[in-house]
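Asker: Just one file: protein_13.tsv, with TSV, N, CA and C atoms.
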```
chain	number	residue	atom	x	y	z
K	1	MET	N	38.56	15.81	41.05
K	1	MET	CA	37.89	14.54	41.24
K	1	MET	C	36.39	14.66	40.97
K	2	PHE	N	35.80	15.78	41.37
K	2	PHE	CA	34.38	16.00	41.16
K	2	PHE	C	34.04	16.03	39.67
K	3	GLU	N	34.94	16.65	38.86
K	3	GLU	CA	34.69	16.73	37.43
K	3	GLU	C	34.79	15.37	36.76
K	4	VAL	N	35.62	14.48	37.24
K	4	VAL	CA	35.73	13.14	36.69
K	4	VAL	C	34.43	12.38	36.94
K	5	VAL	N	33.89	12.47	38.14
K	5	VAL	CA	32.63	11.80	38.48
K	5	VAL	C	31.49	12.39	37.65
K	6	ARG	N	31.51	13.72	37.48
K	6	ARG	CA	30.46	14.37	36.70
K	6	ARG	C	30.50	13.92	35.25
K	7	SER	N	31.67	13.80	34.65
K	7	SER	CA	31.77	13.36	33.26
K	7	SER	C	31.38	11.90	33.12
K	8	ILE	N	31.66	11.09	34.12
K	8	ILE	CA	31.27	9.68	34.06
K	8	ILE	C	29.75	9.57	34.17
K	9	SER	N	29.14	10.33	35.06
K	9	SER	CA	27.69	10.26	35.21
K	9	SER	C	26.97	10.78	33.97
K	10	LEU	N	27.52	11.78	33.33
K	10	LEU	CA	26.94	12.28	32.10
K	10	LEU	C	27.03	11.22	31.01
K	11	GLY	N	28.13	10.50	30.94
K	11	GLY	CA	28.28	9.43	29.97
K	11	GLY	C	27.29	8.30	30.22
K	12	VAL	N	27.06	7.98	31.49
K	12	VAL	CA	26.10	6.93	31.83
K	12	VAL	C	24.70	7.36	31.42
K	13	ARG	N	24.34	8.62	31.63
K	13	ARG	CA	23.02	9.11	31.22
K	13	ARG	C	22.85	9.06	29.71
K	14	GLN	N	23.90	9.40	28.98
K	14	GLN	CA	23.82	9.34	27.52
K	14	GLN	C	23.65	7.90	27.05
K	15	ILE	N	24.38	6.99	27.65
K	15	ILE	CA	24.27	5.58	27.28
K	15	ILE	C	22.88	5.06	27.63
K	16	ALA	N	22.35	5.45	28.79
K	16	ALA	CA	21.01	5.02	29.18
K	16	ALA	C	19.97	5.57	28.21
K	17	GLY	N	20.13	6.81	27.74
K	17	GLY	CA	19.20	7.39	26.78
K	17	GLY	C	19.24	6.66	25.45
K	18	ILE	N	20.43	6.35	24.99
K	18	ILE	CA	20.58	5.60	23.74
K	18	ILE	C	19.95	4.22	23.88
K	19	PHE	N	20.18	3.58	25.01
K	19	PHE	CA	19.61	2.26	25.27
K	19	PHE	C	18.08	2.31	25.25
K	20	LEU	N	17.49	3.32	25.88
K	20	LEU	CA	16.04	3.46	25.89
K	20	LEU	C	15.47	3.69	24.49
K	21	ILE	N	16.18	4.50	23.70
K	21	ILE	CA	15.74	4.74	22.32
K	21	ILE	C	15.80	3.45	21.51
K	22	LEU	N	16.87	2.69	21.68
K	22	LEU	CA	16.97	1.42	20.95
K	22	LEU	C	15.88	0.44	21.37
K	23	ILE	N	15.61	0.35	22.65
K	23	ILE	CA	14.55	-0.54	23.13
K	23	ILE	C	13.19	-0.11	22.58
K	24	ALA	N	12.92	1.19	22.60
K	24	ALA	CA	11.65	1.70	22.07
K	24	ALA	C	11.54	1.41	20.57
K	25	GLY	N	12.62	1.57	19.83
K	25	GLY	CA	12.61	1.29	18.40
K	25	GLY	C	12.36	-0.17	18.09
K	26	TRP	N	13.03	-1.06	18.79
K	26	TRP	CA	12.84	-2.49	18.56
K	26	TRP	C	11.45	-2.93	19.00
K	27	THR	N	10.92	-2.34	20.04
K	27	THR	CA	9.55	-2.65	20.46
K	27	THR	C	8.57	-2.24	19.38
K	28	TRP	N	8.78	-1.05	18.81
K	28	TRP	CA	7.92	-0.56	17.73
K	28	TRP	C	7.95	-1.50	16.54
K	29	ILE	N	9.12	-1.98	16.17
K	29	ILE	CA	9.26	-2.89	15.03
K	29	ILE	C	8.58	-4.23	15.32
K	30	CYS	N	8.74	-4.74	16.52
K	30	CYS	CA	8.13	-6.03	16.86
K	30	CYS	C	6.62	-5.94	16.96
K	31	VAL	N	6.10	-4.85	17.47
K	31	VAL	CA	4.65	-4.72	17.63
K	31	VAL	C	3.99	-4.42	16.28
K	32	LEU	N	4.57	-3.53	15.50
K	32	LEU	CA	4.01	-3.15	14.21
K	32	LEU	C	4.89	-3.68	13.09
K	33	ASP	N	4.87	-4.98	12.89
K	33	ASP	CA	5.77	-5.59	11.92
K	33	ASP	C	5.30	-5.44	10.48
K	34	GLN	N	4.05	-5.03	10.24
K	34	GLN	CA	3.56	-4.82	8.89
K	34	GLN	C	3.02	-3.40	8.76
K	35	PRO	N	3.13	-2.81	7.58
K	35	PRO	CA	2.57	-1.48	7.40
K	35	PRO	C	1.06	-1.50	7.55
K	36	ALA	N	0.50	-0.40	7.97
K	36	ALA	CA	-0.94	-0.33	8.21
K	36	ALA	C	-1.75	-0.57	6.94
K	37	LEU	N	-1.23	-0.15	5.78
K	37	LEU	CA	-1.96	-0.30	4.54
K	37	LEU	C	-1.93	-1.71	3.99
K	38	ALA	N	-1.05	-2.56	4.49
K	38	ALA	CA	-0.96	-3.91	3.96
K	38	ALA	C	-2.20	-4.73	4.27
K	39	GLU	N	-2.85	-4.48	5.39
K	39	GLU	CA	-4.02	-5.24	5.77
K	39	GLU	C	-5.28	-4.76	5.04
K	40	THR	N	-5.42	-3.47	4.85
K	40	THR	CA	-6.63	-2.93	4.24
K	40	THR	C	-6.25	-1.99	3.10
K	41	PRO	N	-6.09	-2.51	1.90
K	41	PRO	CA	-5.76	-1.65	0.77
K	41	PRO	C	-6.87	-0.63	0.53
K	42	GLY	N	-6.48	0.56	0.13
K	42	GLY	CA	-7.45	1.63	-0.02
K	42	GLY	C	-8.01	1.79	-1.42
K	43	TYR	N	-7.42	1.14	-2.42
K	43	TYR	CA	-7.86	1.32	-3.79
K	43	TYR	C	-8.00	-0.03	-4.48
K	44	MET	N	-8.75	-0.03	-5.57
K	44	MET	CA	-8.95	-1.23	-6.36
K	44	MET	C	-8.54	-0.93	-7.79
K	45	ALA	N	-7.53	-1.62	-8.29
K	45	ALA	CA	-7.12	-1.48	-9.69
K	45	ALA	C	-7.82	-2.56	-10.50
K	46	GLY	N	-8.13	-2.26	-11.74
K	46	GLY	CA	-8.83	-3.26	-12.54
K	46	GLY	C	-8.66	-3.03	-14.02
K	47	ALA	N	-9.09	-4.05	-14.77
K	47	ALA	CA	-9.06	-3.99	-16.22
K	47	ALA	C	-10.35	-4.60	-16.76
K	48	LEU	N	-10.89	-3.98	-17.79
K	48	LEU	CA	-12.12	-4.45	-18.42
K	48	LEU	C	-11.84	-4.83	-19.86
K	49	ALA	N	-12.43	-5.92	-20.33
K	49	ALA	CA	-12.39	-6.29	-21.74
K	49	ALA	C	-13.67	-5.76	-22.37
K	50	CYS	N	-13.53	-4.73	-23.18
K	50	CYS	CA	-14.70	-4.08	-23.79
K	50	CYS	C	-15.06	-4.78	-25.10
K	51	PRO	N	-16.35	-5.01	-25.35
K	51	PRO	CA	-16.76	-5.64	-26.61
K	51	PRO	C	-16.47	-4.73	-27.80
K	52	PRO	N	-16.46	-5.30	-29.00
K	52	PRO	CA	-16.25	-4.46	-30.19
K	52	PRO	C	-17.30	-3.36	-30.29
K	53	ARG	N	-16.90	-2.22	-30.77
K	53	ARG	CA	-17.74	-1.03	-30.98
K	53	ARG	C	-18.26	-0.43	-29.66
K	54	VAL	N	-17.69	-0.79	-28.52
K	54	VAL	CA	-18.03	-0.15	-27.24
K	54	VAL	C	-16.77	0.56	-26.77
K	55	GLU	N	-16.82	1.87	-26.67
K	55	GLU	CA	-15.64	2.66	-26.35
K	55	GLU	C	-15.86	3.52	-25.12
K	56	GLY	N	-14.78	3.91	-24.49
K	56	GLY	CA	-14.75	4.89	-23.41
K	56	GLY	C	-15.75	4.68	-22.29
K	57	PRO	N	-16.56	5.71	-22.01
K	57	PRO	CA	-17.46	5.64	-20.85
K	57	PRO	C	-18.55	4.58	-21.00
K	58	ASP	N	-18.83	4.14	-22.23
K	58	ASP	CA	-19.86	3.11	-22.42
K	58	ASP	C	-19.39	1.74	-21.93
K	59	CYS	N	-18.08	1.55	-21.80
K	59	CYS	CA	-17.55	0.29	-21.30
K	59	CYS	C	-17.45	0.37	-19.77
K	60	ASN	N	-18.24	-0.42	-19.08
K	60	ASN	CA	-18.20	-0.46	-17.63
K	60	ASN	C	-18.29	-1.92	-17.17
K	61	ARG	N	-18.41	-2.13	-15.89
K	61	ARG	CA	-18.45	-3.51	-15.36
K	61	ARG	C	-19.63	-4.30	-15.90
K	62	GLU	N	-20.75	-3.65	-16.16
K	62	GLU	CA	-21.94	-4.35	-16.64
K	62	GLU	C	-21.82	-4.74	-18.12
K	63	THR	N	-21.19	-3.90	-18.92
K	63	THR	CA	-21.10	-4.18	-20.36
K	63	THR	C	-19.83	-4.91	-20.76
K	64	ALA	N	-18.88	-5.06	-19.85
K	64	ALA	CA	-17.60	-5.68	-20.19
K	64	ALA	C	-17.75	-7.19	-20.38
K	65	LEU	N	-16.90	-7.74	-21.23
K	65	LEU	CA	-16.87	-9.18	-21.44
K	65	LEU	C	-16.11	-9.90	-20.34
K	66	ASP	N	-15.10	-9.23	-19.79
K	66	ASP	CA	-14.26	-9.82	-18.75
K	66	ASP	C	-13.80	-8.70	-17.82
K	67	VAL	N	-13.76	-8.99	-16.52
K	67	VAL	CA	-13.35	-8.01	-15.52
K	67	VAL	C	-12.34	-8.67	-14.59
K	68	ILE	N	-11.22	-7.99	-14.37
K	68	ILE	CA	-10.22	-8.46	-13.41
K	68	ILE	C	-9.91	-7.29	-12.48
K	69	VAL	N	-9.93	-7.55	-11.16
K	69	VAL	CA	-9.62	-6.52	-10.18
K	69	VAL	C	-8.60	-7.04	-9.19
K	70	GLN	N	-7.88	-6.09	-8.59
K	70	GLN	CA	-6.89	-6.43	-7.57
K	70	GLN	C	-6.75	-5.25	-6.62
K	71	PRO	N	-6.76	-5.49	-5.30
K	71	PRO	CA	-6.56	-4.39	-4.36
K	71	PRO	C	-5.12	-3.89	-4.38
K	72	VAL	N	-4.97	-2.58	-4.24
K	72	VAL	CA	-3.66	-1.95	-4.14
K	72	VAL	C	-3.68	-0.97	-2.98
K	73	ALA	N	-2.53	-0.70	-2.42
K	73	ALA	CA	-2.44	0.17	-1.26
K	73	ALA	C	-2.47	1.65	-1.64
K	74	LEU	N	-1.78	2.02	-2.70
K	74	LEU	CA	-1.65	3.43	-3.07
K	74	LEU	C	-2.24	3.68	-4.45
K	75	ILE	N	-2.75	4.86	-4.66
K	75	ILE	CA	-3.34	5.19	-5.95
K	75	ILE	C	-2.28	5.22	-7.06
K	76	THR	N	-1.03	5.48	-6.70
K	76	THR	CA	0.03	5.51	-7.71
K	76	THR	C	0.36	4.12	-8.25
K	77	GLU	N	-0.10	3.07	-7.59
K	77	GLU	CA	0.13	1.71	-8.08
K	77	GLU	C	-0.91	1.29	-9.11
K	78	CYS	N	-2.02	2.00	-9.18
K	78	CYS	CA	-3.12	1.61	-10.06
K	78	CYS	C	-2.75	1.49	-11.54
K	79	PRO	N	-2.04	2.47	-12.13
K	79	PRO	CA	-1.72	2.33	-13.55
K	79	PRO	C	-0.86	1.11	-13.86
K	80	MET	N	0.12	0.84	-13.01
K	80	MET	CA	0.99	-0.32	-13.25
K	80	MET	C	0.23	-1.62	-13.09
K	81	VAL	N	-0.53	-1.75	-12.01
K	81	VAL	CA	-1.27	-2.99	-11.76
K	81	VAL	C	-2.37	-3.17	-12.81
K	82	GLY	N	-3.05	-2.09	-13.19
K	82	GLY	CA	-4.07	-2.18	-14.22
K	82	GLY	C	-3.52	-2.66	-15.55
K	83	THR	N	-2.34	-2.20	-15.91
K	83	THR	CA	-1.70	-2.64	-17.15
K	83	THR	C	-1.34	-4.11	-17.09
K	84	VAL	N	-0.82	-4.55	-15.97
K	84	VAL	CA	-0.48	-5.97	-15.82
K	84	VAL	C	-1.75	-6.82	-15.88
K	85	LEU	N	-2.81	-6.36	-15.23
K	85	LEU	CA	-4.07	-7.11	-15.26
K	85	LEU	C	-4.63	-7.19	-16.68
K	86	ALA	N	-4.45	-6.14	-17.46
K	86	ALA	CA	-4.96	-6.13	-18.84
K	86	ALA	C	-4.29	-7.20	-19.69
K	87	THR	N	-3.08	-7.59	-19.35
K	87	THR	CA	-2.41	-8.64	-20.12
K	87	THR	C	-3.04	-10.01	-19.87
K	88	HIS	N	-3.85	-10.13	-18.82
K	88	HIS	CA	-4.48	-11.41	-18.50
K	88	HIS	C	-5.94	-11.48	-18.95
K	89	LEU	N	-6.43	-10.47	-19.66
K	89	LEU	CA	-7.80	-10.48	-20.14
K	89	LEU	C	-7.94	-11.39	-21.35
K	90	SER	N	-9.11	-11.96	-21.50
K	90	SER	CA	-9.40	-12.73	-22.72
K	90	SER	C	-10.09	-11.80	-23.71
K	91	LEU	N	-9.32	-11.30	-24.65
K	91	LEU	CA	-9.82	-10.32	-25.62
K	91	LEU	C	-10.14	-10.99	-26.94
K	92	PRO	N	-11.41	-10.99	-27.35
K	92	PRO	CA	-11.72	-11.50	-28.69
K	92	PRO	C	-11.27	-10.50	-29.75
K	93	PRO	N	-11.17	-10.92	-31.00
K	93	PRO	CA	-10.74	-10.00	-32.06
K	93	PRO	C	-11.66	-8.78	-32.16
K	94	GLY	N	-11.07	-7.62	-32.30
K	94	GLY	CA	-11.82	-6.38	-32.45
K	94	GLY	C	-12.20	-5.70	-31.14
K	95	SER	N	-11.96	-6.33	-30.02
K	95	SER	CA	-12.32	-5.71	-28.74
K	95	SER	C	-11.13	-4.94	-28.18
K	96	THR	N	-11.41	-4.08	-27.23
K	96	THR	CA	-10.38	-3.25	-26.60
K	96	THR	C	-10.40	-3.49	-25.10
K	97	HIS	N	-9.45	-2.88	-24.42
K	97	HIS	CA	-9.45	-2.99	-22.96
K	97	HIS	C	-9.43	-1.60	-22.34
K	98	LYS	N	-9.83	-1.55	-21.08
K	98	LYS	CA	-9.87	-0.30	-20.33
K	98	LYS	C	-9.41	-0.60	-18.92
K	99	THR	N	-8.49	0.23	-18.39
K	99	THR	CA	-8.06	0.06	-17.00
K	99	THR	C	-8.72	1.13	-16.14
K	100	PHE	N	-8.89	0.82	-14.86
K	100	PHE	CA	-9.54	1.77	-13.97
K	100	PHE	C	-8.95	1.65	-12.57
K	101	CYS	N	-9.23	2.67	-11.76
K	101	CYS	CA	-8.83	2.69	-10.36
K	101	CYS	C	-9.97	3.32	-9.58
K	102	GLU	N	-10.36	2.67	-8.51
K	102	GLU	CA	-11.43	3.23	-7.69
K	102	GLU	C	-11.12	3.02	-6.22
K	103	ARG	N	-11.63	3.92	-5.41
K	103	ARG	CA	-11.46	3.81	-3.95
K	103	ARG	C	-12.35	2.68	-3.46
K	104	ARG	N	-11.78	1.86	-2.59
K	104	ARG	CA	-12.56	0.76	-2.02
K	104	ARG	C	-13.58	1.30	-1.05
K	105	ARG	N	-14.72	0.65	-1.01
K	105	ARG	CA	-15.76	1.03	-0.05
K	105	ARG	C	-15.42	0.49	1.31
K	106	SER	N	-15.58	1.30	2.34
K	106	SER	CA	-15.30	0.84	3.69
K	106	SER	C	-16.45	-0.03	4.19
K	107	ARG	N	-16.10	-1.04	4.96
K	107	ARG	CA	-17.11	-1.95	5.50
K	107	ARG	C	-17.49	-1.50	6.90
K	108	LEU	N	-18.53	-0.73	6.99
K	108	LEU	CA	-18.99	-0.24	8.30
K	108	LEU	C	-20.24	-0.94	8.71
```
I need this file expressed as structure tokens, please.
Answerer:
Amino acid sequence: MFEVVRSISLGVRQIAGIFLILIAGWTWICVLDQPALAETPGYMAGALACPPRVEGPDCNRETALDVIVQPVALITECPMVGTVLATHLSLPPGSTHKTFCERRRSRL
């Protein structure tokens, strides 16, 4: 009889542990419903429309004809987003485009 009570109490403890884990998990989901990076992206992807005869490092934000930027969360997203942004540039004949990725400055 003692072993039956012991096995029942062990089962109740296991169920209580599972219940506590489930409650903690659902609380975590409800409190943190968005990823931390969604609010403050860490990088800025962009595309520049470079004038004719301006290549490589000479093309920057000051010399570009058109600049488009978009915040991204991860640095691995920069090439894809930069390419998509480049399709929205207004490129005159003979000009080229340049994509870039830079770390966003923190606002302190």
Asker: Could you pull the residues within 7 Å of stretch 90-102 of chain K, counting only C-alpha atoms, minus those fewer than 6 positions along the same chain, as a list in words?
Answerer: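 Counting only C-alpha atoms, the residues come to Tyr43, Met44, Ala45, Gly46, Ala47, Leu48, Ala49, Cys50, Pro51, Pro52, Asp66, Cys78, Gly82 and Thr83 of chain K.
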Asker: Do you have the atom CA of K:Glu77-atom CA of K:Gly56 distance handy?
Answerer: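 Straight-line distance from atom CA of K:Glu77 to atom CA of K:Gly56 works out to 21.6 Å.
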Asker: What gap, in Å, lies between atom N of K:Pro57 and atom N of K:Ala86?
Answerer: 17.5 Å
Asker: Do you have the atom CA of K:Val54-atom CA of K:Val81 distance handy?
Answerer: 23.0 Å
